[in-house]
Number of protein chains: 2
Amino acid sequence: MSAGRQDSVIVLVSGGLDSCVSCAWARKEWPELHVLHVGYGQRTASRELKAFRDIADYFKVPAGRRLEASIEYLAAIGGSSLTDPSIPIEQADLARERIPNSYVPFRNAHLLSIAVSWAEARGIGNIVIGAVAEDSSGYPDCRPEYYEAFNALVQVGTVRGDVRVHTPLIRMTKAEIVKLGSRLEAPLHLTWSCYSAADEACGVCDSCALRLRGFARAGLRDPLPYRVRPDYG
Amino acid sequence: MSAGRQDSVIVLVSGGLDSCVSCAWARKEWPELHVLHVGYGQRTASRELKAFRDIADYFKVPAGRRLEASIEYLAAIGGSSLTDPSIPIEQADLARERIPNSYVPFRNAHLLSIAVSWAEARGIGNIVIGAVAEDSSGYPDCRPEYYEAFNALVQVGTVRGDVRVHTPLIRMTKAEIVKLGSRLEAPLHLTWSCYSAADEACGVCDSCALRLRGFARAGLRDPLPYRVRPDYG
């Protein structure tokens, strides 16, 4: 295994707002940008893949630094409305206290493990994931302590222990992320966040609600088309 | 997510000797046995899948408690002779001090993450993996401290934190594993361990060498066919 080079980074790019802003942030920190997209049989998989490719094109990432992986066994495992068509997507309830049914059990460990394997095989020293604690509906794998535990695992579980996972957005609100993206000129018009639709965003799932509220509180207009645009401000 | 039931277990079954013995051990500890096989584009993938199915049949595991997953992106990532046909499998050198080229970067995190997602979705409280520290060629993800770190991650990264990974063989020698398997009447004749061939085991890769030495030191004869059977005792 090659040593982890400190000038290079892999960014996990789902195609959503947070990952797009993470990308814009990471390329300023580390000149050699790699992008990784992981589909997992979720409802909007092909729309998100298109967003990933559009964002990678925008940042001029060469083909050898892009990786598209598929972990569709997550759909076979089920347990989430994102991957099981028999479970309806819940309407947004930003005051909900339980974890919503869109939670995919232990999902981020899969995404990060792919990034770490790629990093170790290529000698890339940094990984960025756009996880957000406050706005993330209570998913356990979006909290800072989860990433501390994951970095401890990477340290003992890789040959050189010199790959590190960064979470630049983890303590930000969605409004702060929108503002950061705007300041970094991130291509927010190329992103996709809706959990349930792929043509026009539904405007009523948790992900749409968090996004629309973030833009509203940042005082900016979301450039995406929406079926309905409730006021979540 | 359901609570992790303490009478149920998922065993990771590659189809090799260690996973077969782990299976025989786990079913005595927890009555409800689930088995998980993960292919990753390795050279002997279809032979290992056959071994998994034969072992699952032997233990009478019903269809709803079996899961076959594929993570072939690991082959695209490369970095290992197991998944990259352009890198030759090294001949055995049991005194080698560096990590052999069969190392697949961060592989076990992928396998375990699939098991944890399945456990969380189904409410299964235990996971067993047949990792072995002493005989495992120095792979970083076969050491006890790796599993301590992984369990810490599972504790913070799941909703209830009540899934636990067990490594019953981790401090055993291959000879002790062969003896345990023999005592538990594990179907060792159904297993496959060779890294490079799928009809007769090659007898000269690391995996064959460790296995043959284990049987020799246990005073038993390996029931598998070998092209050559060097004396590694």
# chains A, B, ... in the order shown; residues from 1 in each chain; ligands from 1
>>> interface_residues(of="chain B", to="chain A", cutoff="7 Å", atoms="only C-alpha atoms", output="VMD selection string")
chain B and resid 69 71 73 77 to 79 105 to 106 109 to 110 113 116 to 118 120 to 121 140 to 141 146 149 to 150 152 to 153 156 to 159
>>> closest_atom_pairs(of="region 107-176 of chain B", to="region 10-33 of chain B", cutoff="6 Å", atoms="only C-alpha atoms", output="tab-separated table")
residue	atom	partner	partner_atom	distance
B:Ile127	CA	B:Ile10	CA	4.7
B:Val128	CA	B:Val11	CA	4.7
B:Ile129	CA	B:Leu12	CA	5.3
B:Gly130	CA	B:Ser19	CA	5.0
>>> write_last_selection(atoms="C-alpha atoms", output="PDB file, in the first residue's frame")
ATOM      1  CA  ILE B 127     -22.380 -11.183  14.432  1.00  0.00           C
ATOM      2  CA  VAL B 128     -19.585 -13.737  14.170  1.00  0.00           C
ATOM      3  CA  ILE B 129     -16.537 -13.444  11.920  1.00  0.00           C
ATOM      4  CA  GLY B 130     -13.819 -16.074  11.756  1.00  0.00           C
TER       5      GLY B 130
END
>>> calpha_fit_and_write(fixed="chain B", moving="chain A", output="mmCIF file with C-alpha atoms, in the first residue's frame")
data_model
loop_
_atom_site.group_PDB
_atom_site.id
_atom_site.type_symbol
_atom_site.label_atom_id
_atom_site.label_comp_id
_atom_site.auth_asym_id
_atom_site.auth_seq_id
_atom_site.Cartn_x
_atom_site.Cartn_y
_atom_site.Cartn_z
ATOM 1 C CA MET A 1 -35.184 -0.527 13.986
ATOM 2 C CA SER A 2 -35.939 -3.622 16.077
ATOM 3 C CA ALA A 3 -34.051 -4.398 19.260
ATOM 4 C CA GLY A 4 -31.156 -6.824 18.788
ATOM 5 C CA ARG A 5 -32.435 -10.238 19.856
ATOM 6 C CA GLN A 6 -29.927 -12.144 21.903
ATOM 7 C CA ASP A 7 -30.968 -15.560 20.570
ATOM 8 C CA SER A 8 -29.967 -14.760 17.007
ATOM 9 C CA VAL A 9 -26.698 -14.495 15.122
ATOM 10 C CA ILE A 10 -25.310 -13.689 11.673
ATOM 11 C CA VAL A 11 -22.170 -15.599 10.712
ATOM 12 C CA LEU A 12 -19.964 -14.291 7.926
ATOM 13 C CA VAL A 13 -19.322 -17.344 5.754
ATOM 14 C CA SER A 14 -16.683 -16.929 3.061
ATOM 15 C CA GLY A 15 -16.719 -20.665 2.477
ATOM 16 C CA GLY A 16 -13.268 -21.189 3.986
ATOM 17 C CA LEU A 17 -12.149 -23.287 6.914
ATOM 18 C CA ASP A 18 -12.354 -20.578 9.573
ATOM 19 C CA SER A 19 -15.839 -19.420 8.652
ATOM 20 C CA CYS A 20 -17.116 -23.009 8.574
ATOM 21 C CA VAL A 21 -15.800 -23.666 12.081
ATOM 22 C CA SER A 22 -17.236 -20.308 13.222
ATOM 23 C CA CYS A 23 -20.614 -21.434 11.939
ATOM 24 C CA ALA A 24 -20.453 -24.719 13.826
ATOM 25 C CA TRP A 25 -19.494 -22.795 16.987
ATOM 26 C CA ALA A 26 -22.115 -20.030 16.643
ATOM 27 C CA ARG A 27 -25.094 -22.323 16.170
ATOM 28 C CA LYS A 28 -24.395 -23.840 19.568
ATOM 29 C CA GLU A 29 -24.342 -20.386 21.194
ATOM 30 C CA TRP A 30 -27.398 -18.845 19.507
ATOM 31 C CA PRO A 31 -30.257 -20.970 18.171
ATOM 32 C CA GLU A 32 -31.306 -18.703 15.292
ATOM 33 C CA LEU A 33 -28.555 -18.907 12.688
ATOM 34 C CA HIS A 34 -28.254 -16.492 9.729
ATOM 35 C CA VAL A 35 -25.457 -16.741 7.188
ATOM 36 C CA LEU A 36 -23.960 -13.992 5.038
ATOM 37 C CA HIS A 37 -21.651 -14.435 2.063
ATOM 38 C CA VAL A 38 -19.948 -11.537 0.331
ATOM 39 C CA GLY A 39 -18.267 -11.879 -3.049
ATOM 40 C CA TYR A 40 -15.873 -9.118 -4.095
ATOM 41 C CA GLY A 41 -14.706 -10.105 -7.535
ATOM 42 C CA GLN A 42 -11.908 -12.271 -6.165
ATOM 43 C CA ARG A 43 -10.400 -14.957 -8.444
ATOM 44 C CA THR A 44 -12.132 -17.882 -6.771
ATOM 45 C CA ALA A 45 -15.483 -16.134 -6.190
ATOM 46 C CA SER A 46 -17.740 -18.776 -7.714
ATOM 47 C CA ARG A 47 -15.959 -21.640 -5.956
ATOM 48 C CA GLU A 48 -16.300 -19.860 -2.624
ATOM 49 C CA LEU A 49 -19.979 -19.153 -3.266
ATOM 50 C CA LYS A 50 -20.531 -22.866 -3.870
ATOM 51 C CA ALA A 51 -18.786 -23.638 -0.573
ATOM 52 C CA PHE A 52 -21.033 -21.106 1.196
ATOM 53 C CA ARG A 53 -24.173 -22.710 -0.202
ATOM 54 C CA ASP A 54 -22.970 -26.211 0.650
ATOM 55 C CA ILE A 55 -22.215 -25.164 4.226
ATOM 56 C CA ALA A 56 -25.575 -23.364 4.585
ATOM 57 C CA ASP A 57 -27.357 -26.482 3.280
ATOM 58 C CA TYR A 58 -25.416 -28.668 5.696
ATOM 59 C CA PHE A 59 -26.548 -26.526 8.637
ATOM 60 C CA LYS A 60 -30.123 -26.403 7.241
ATOM 61 C CA VAL A 61 -30.294 -22.611 7.161
ATOM 62 C CA PRO A 62 -33.639 -21.599 5.596
ATOM 63 C CA ALA A 63 -33.646 -19.272 2.553
ATOM 64 C CA GLY A 64 -34.927 -16.284 4.552
ATOM 65 C CA ARG A 65 -31.875 -16.443 6.786
ATOM 66 C CA ARG A 66 -29.282 -16.434 4.002
ATOM 67 C CA LEU A 67 -27.905 -13.368 2.282
ATOM 68 C CA GLU A 68 -25.527 -13.288 -0.679
ATOM 69 C CA ALA A 69 -24.082 -9.860 -1.368
ATOM 70 C CA SER A 70 -21.655 -8.664 -3.977
ATOM 71 C CA ILE A 71 -19.217 -5.796 -3.631
ATOM 72 C CA GLU A 72 -17.432 -6.040 -6.937
ATOM 73 C CA TYR A 73 -16.339 -2.409 -6.768
ATOM 74 C CA LEU A 74 -13.459 -3.777 -4.670
ATOM 75 C CA ALA A 75 -12.103 -5.333 -7.860
ATOM 76 C CA ALA A 76 -12.352 -1.935 -9.600
ATOM 77 C CA ILE A 77 -10.439 -0.353 -6.725
ATOM 78 C CA GLY A 78 -7.701 -2.972 -7.081
ATOM 79 C CA GLY A 79 -4.532 -3.032 -5.048
ATOM 80 C CA SER A 80 -4.683 -6.774 -4.351
ATOM 81 C CA SER A 81 -3.633 -9.921 -6.169
ATOM 82 C CA LEU A 82 -6.963 -11.459 -5.124
ATOM 83 C CA THR A 83 -8.950 -9.040 -7.250
ATOM 84 C CA ASP A 84 -6.475 -7.827 -9.877
ATOM 85 C CA PRO A 85 -5.560 -10.504 -12.449
ATOM 86 C CA SER A 86 -2.453 -8.516 -13.451
ATOM 87 C CA ILE A 87 -0.873 -9.087 -10.017
ATOM 88 C CA PRO A 88 0.283 -12.709 -9.614
ATOM 89 C CA ILE A 89 -0.623 -14.590 -6.432
ATOM 90 C CA GLU A 90 2.566 -14.926 -4.363
ATOM 91 C CA GLN A 91 3.815 -18.357 -3.422
ATOM 92 C CA ALA A 92 3.602 -19.153 0.248
ATOM 93 C CA ASP A 93 6.243 -17.788 2.568
ATOM 94 C CA LEU A 94 5.040 -18.347 6.094
ATOM 95 C CA ALA A 95 8.083 -16.514 7.484
ATOM 96 C CA ARG A 96 7.465 -13.403 5.355
ATOM 97 C CA GLU A 97 7.437 -10.239 7.429
ATOM 98 C CA ARG A 98 5.703 -7.800 5.096
ATOM 99 C CA ILE A 99 1.987 -7.949 4.278
ATOM 100 C CA PRO A 100 1.462 -10.167 1.193
ATOM 101 C CA ASN A 101 -0.020 -8.814 -2.036
ATOM 102 C CA SER A 102 -3.266 -10.704 -1.399
ATOM 103 C CA TYR A 103 -4.206 -7.993 1.107
ATOM 104 C CA VAL A 104 -7.472 -6.307 0.025
ATOM 105 C CA PRO A 105 -7.437 -2.782 1.472
ATOM 106 C CA PHE A 106 -9.901 -2.383 4.363
ATOM 107 C CA ARG A 107 -11.877 -5.412 3.190
ATOM 108 C CA ASN A 108 -13.327 -6.613 6.456
ATOM 109 C CA ALA A 109 -15.002 -3.263 7.158
ATOM 110 C CA HIS A 110 -17.162 -3.840 4.068
ATOM 111 C CA LEU A 111 -18.130 -7.351 5.130
ATOM 112 C CA LEU A 112 -18.916 -6.311 8.684
ATOM 113 C CA SER A 113 -20.894 -3.244 7.592
ATOM 114 C CA ILE A 114 -23.184 -5.446 5.514
ATOM 115 C CA ALA A 115 -23.684 -7.713 8.521
ATOM 116 C CA VAL A 116 -24.449 -4.771 10.813
ATOM 117 C CA SER A 117 -26.978 -3.285 8.357
ATOM 118 C CA TRP A 118 -28.725 -6.650 8.108
ATOM 119 C CA ALA A 119 -28.613 -7.114 11.884
ATOM 120 C CA GLU A 120 -30.083 -3.689 12.507
ATOM 121 C CA ALA A 121 -32.830 -4.112 9.899
ATOM 122 C CA ARG A 122 -33.810 -7.546 11.265
ATOM 123 C CA GLY A 123 -33.171 -7.074 14.972
ATOM 124 C CA ILE A 124 -30.337 -9.586 15.237
ATOM 125 C CA GLY A 125 -28.047 -9.083 18.228
ATOM 126 C CA ASN A 126 -24.865 -10.958 17.296
ATOM 127 C CA ILE A 127 -22.385 -11.174 14.427
ATOM 128 C CA VAL A 128 -19.589 -13.736 14.173
ATOM 129 C CA ILE A 129 -16.538 -13.434 11.927
ATOM 130 C CA GLY A 130 -13.828 -16.072 11.764
ATOM 131 C CA ALA A 131 -10.893 -13.656 11.793
ATOM 132 C CA VAL A 132 -7.606 -15.128 13.031
ATOM 133 C CA ALA A 133 -4.765 -12.907 14.210
ATOM 134 C CA GLU A 134 -1.783 -15.233 14.378
ATOM 135 C CA ASP A 135 -2.181 -17.023 11.085
ATOM 136 C CA SER A 136 -3.411 -14.098 9.019
ATOM 137 C CA SER A 137 -0.254 -12.863 7.326
ATOM 138 C CA GLY A 138 -0.282 -9.546 9.199
ATOM 139 C CA TYR A 139 -3.478 -8.134 7.647
ATOM 140 C CA PRO A 140 -4.358 -5.158 9.878
ATOM 141 C CA ASP A 141 -8.068 -6.071 9.924
ATOM 142 C CA CYS A 142 -7.450 -9.457 11.532
ATOM 143 C CA ARG A 143 -6.152 -8.146 14.866
ATOM 144 C CA PRO A 144 -8.128 -8.000 18.133
ATOM 145 C CA GLU A 145 -7.753 -4.203 18.405
ATOM 146 C CA TYR A 146 -9.437 -3.839 15.032
ATOM 147 C CA TYR A 147 -12.553 -5.599 16.349
ATOM 148 C CA GLU A 148 -12.535 -3.503 19.514
ATOM 149 C CA ALA A 149 -12.543 -0.389 17.336
ATOM 150 C CA PHE A 150 -15.263 -1.843 15.106
ATOM 151 C CA ASN A 151 -17.497 -2.642 18.065
ATOM 152 C CA ALA A 152 -17.016 0.914 19.349
ATOM 153 C CA LEU A 153 -18.172 2.159 15.932
ATOM 154 C CA VAL A 154 -21.237 -0.137 15.984
ATOM 155 C CA GLN A 155 -22.142 1.105 19.427
ATOM 156 C CA VAL A 156 -22.278 4.770 18.346
ATOM 157 C CA GLY A 157 -23.357 4.119 14.749
ATOM 158 C CA THR A 158 -26.531 2.097 15.276
ATOM 159 C CA VAL A 159 -29.833 3.316 16.698
ATOM 160 C CA ARG A 160 -29.851 1.006 19.719
ATOM 161 C CA GLY A 161 -26.177 0.115 19.956
ATOM 162 C CA ASP A 162 -27.075 -3.486 20.834
ATOM 163 C CA VAL A 163 -25.358 -5.392 18.016
ATOM 164 C CA ARG A 164 -22.042 -7.010 18.892
ATOM 165 C CA VAL A 165 -19.309 -8.531 16.706
ATOM 166 C CA HIS A 166 -17.660 -11.702 18.067
ATOM 167 C CA THR A 167 -14.346 -13.221 16.944
ATOM 168 C CA PRO A 168 -14.220 -16.653 18.584
ATOM 169 C CA LEU A 169 -11.137 -17.822 16.661
ATOM 170 C CA ILE A 170 -9.032 -14.688 16.829
ATOM 171 C CA ARG A 171 -6.404 -15.981 19.242
ATOM 172 C CA MET A 172 -6.327 -19.567 17.932
ATOM 173 C CA THR A 173 -3.743 -21.210 15.700
ATOM 174 C CA LYS A 174 -4.892 -22.917 12.511
ATOM 175 C CA ALA A 175 -4.189 -26.287 14.149
ATOM 176 C CA GLU A 176 -6.485 -25.384 17.052
ATOM 177 C CA ILE A 177 -9.190 -24.320 14.592
ATOM 178 C CA VAL A 178 -8.908 -27.612 12.713
ATOM 179 C CA LYS A 179 -9.218 -29.508 16.007
ATOM 180 C CA LEU A 180 -12.197 -27.396 17.115
ATOM 181 C CA GLY A 181 -13.883 -27.962 13.756
ATOM 182 C CA SER A 182 -13.294 -31.667 14.018
ATOM 183 C CA ARG A 183 -14.706 -31.761 17.570
ATOM 184 C CA LEU A 184 -17.807 -29.750 16.519
ATOM 185 C CA GLU A 185 -18.243 -31.972 13.444
ATOM 186 C CA ALA A 186 -17.990 -28.975 11.116
ATOM 187 C CA PRO A 187 -18.212 -30.016 7.425
ATOM 188 C CA LEU A 188 -14.607 -29.184 6.562
ATOM 189 C CA HIS A 189 -14.847 -31.240 3.360
ATOM 190 C CA LEU A 190 -17.269 -28.604 1.986
ATOM 191 C CA THR A 191 -14.942 -25.637 2.475
ATOM 192 C CA TRP A 192 -12.600 -23.862 0.033
ATOM 193 C CA SER A 193 -9.476 -21.899 0.972
ATOM 194 C CA CYS A 194 -7.190 -21.700 -2.078
ATOM 195 C CA TYR A 195 -6.554 -18.174 -3.394
ATOM 196 C CA SER A 196 -5.718 -19.132 -6.939
ATOM 197 C CA ALA A 197 -7.585 -22.219 -8.173
ATOM 198 C CA ALA A 198 -11.141 -23.522 -8.098
ATOM 199 C CA ASP A 199 -10.901 -27.193 -9.119
ATOM 200 C CA GLU A 200 -8.010 -28.615 -7.110
ATOM 201 C CA ALA A 201 -6.376 -26.421 -4.458
ATOM 202 C CA CYS A 202 -2.950 -25.206 -5.630
ATOM 203 C CA GLY A 203 -1.145 -26.187 -2.424
ATOM 204 C CA VAL A 204 1.367 -23.340 -2.758
ATOM 205 C CA CYS A 205 -0.424 -20.056 -2.029
ATOM 206 C CA ASP A 206 -0.385 -18.598 1.494
ATOM 207 C CA SER A 207 -3.902 -19.761 2.201
ATOM 208 C CA CYS A 208 -3.202 -23.381 1.156
ATOM 209 C CA ALA A 209 0.051 -23.368 3.123
ATOM 210 C CA LEU A 210 -1.590 -22.125 6.325
ATOM 211 C CA ARG A 211 -4.378 -24.658 5.935
ATOM 212 C CA LEU A 212 -2.125 -27.640 5.193
ATOM 213 C CA ARG A 213 0.160 -26.707 8.080
ATOM 214 C CA GLY A 214 -2.869 -26.470 10.378
ATOM 215 C CA PHE A 215 -4.101 -29.943 9.454
ATOM 216 C CA ALA A 216 -0.583 -31.375 9.744
ATOM 217 C CA ARG A 217 -0.053 -29.905 13.196
ATOM 218 C CA ALA A 218 -3.504 -31.086 14.289
ATOM 219 C CA GLY A 219 -2.541 -34.594 13.180
ATOM 220 C CA LEU A 220 -5.405 -34.758 10.677
ATOM 221 C CA ARG A 221 -5.581 -35.101 6.901
ATOM 222 C CA ASP A 222 -7.178 -32.275 4.905
ATOM 223 C CA PRO A 223 -10.072 -33.853 2.933
ATOM 224 C CA LEU A 224 -9.699 -31.435 -0.042
ATOM 225 C CA PRO A 225 -7.974 -32.373 -3.311
ATOM 226 C CA TYR A 226 -4.597 -30.636 -3.873
ATOM 227 C CA ARG A 227 -2.410 -30.383 -6.956
ATOM 228 C CA VAL A 228 0.628 -30.635 -4.707
ATOM 229 C CA ARG A 229 0.789 -31.217 -0.968
ATOM 230 C CA PRO A 230 4.090 -29.792 0.321
ATOM 231 C CA ASP A 231 4.970 -30.595 3.915
ATOM 232 C CA TYR A 232 4.495 -27.337 5.855
ATOM 233 C CA GLY A 233 4.292 -29.100 9.231
#
>>> select_by_dssp(residues="region 6-214 of chain A", states="helix (DSSP H, G or I)", output="number ranges by chain")
A: 17-29, 45-58, 63-65, 73-77, 107-122, 140-142, 144-157, 174-183, 188-190, 206-214
>>> select_by_dssp(residues="region 5-139 of chain A", states="strand (DSSP E or B)", output="compact mmCIF listing (two decimals) with C-alpha atoms, in the first residue's frame")
# COMPACT_ATOMS: atom_id res chain seq x y z
CA ARG A 5 -0.37 11.67 0.17
CA GLN A 6 -1.37 14.82 1.96
CA ASP A 7 -2.10 16.77 -1.23
CA SER A 8 -4.92 14.47 -2.30
CA VAL A 9 -8.51 13.95 -1.23
CA ILE A 10 -11.55 11.78 -1.98
CA VAL A 11 -14.90 13.52 -1.57
CA LEU A 12 -18.04 11.44 -1.16
CA GLU A 32 -5.77 16.61 -6.17
CA LEU A 33 -9.51 16.00 -6.09
CA HIS A 34 -11.10 12.52 -6.40
CA VAL A 35 -14.85 11.99 -6.28
CA LEU A 36 -16.77 8.90 -5.20
CA HIS A 37 -20.46 8.21 -5.74
CA VAL A 38 -22.24 5.25 -4.21
CA GLY A 39 -25.69 4.13 -5.32
CA ARG A 66 -13.89 9.32 -10.39
CA LEU A 67 -15.38 6.16 -8.96
CA GLU A 68 -19.01 5.05 -9.18
CA ALA A 69 -19.84 2.14 -6.92
CA SER A 70 -23.06 0.29 -6.33
CA GLN A 91 -43.90 13.82 4.89
CA ILE A 124 -4.70 9.18 -0.90
CA GLY A 125 -4.46 10.76 2.54
CA ASN A 126 -7.82 12.49 3.01
CA ILE A 127 -11.53 11.69 2.76
CA VAL A 128 -14.32 14.27 3.03
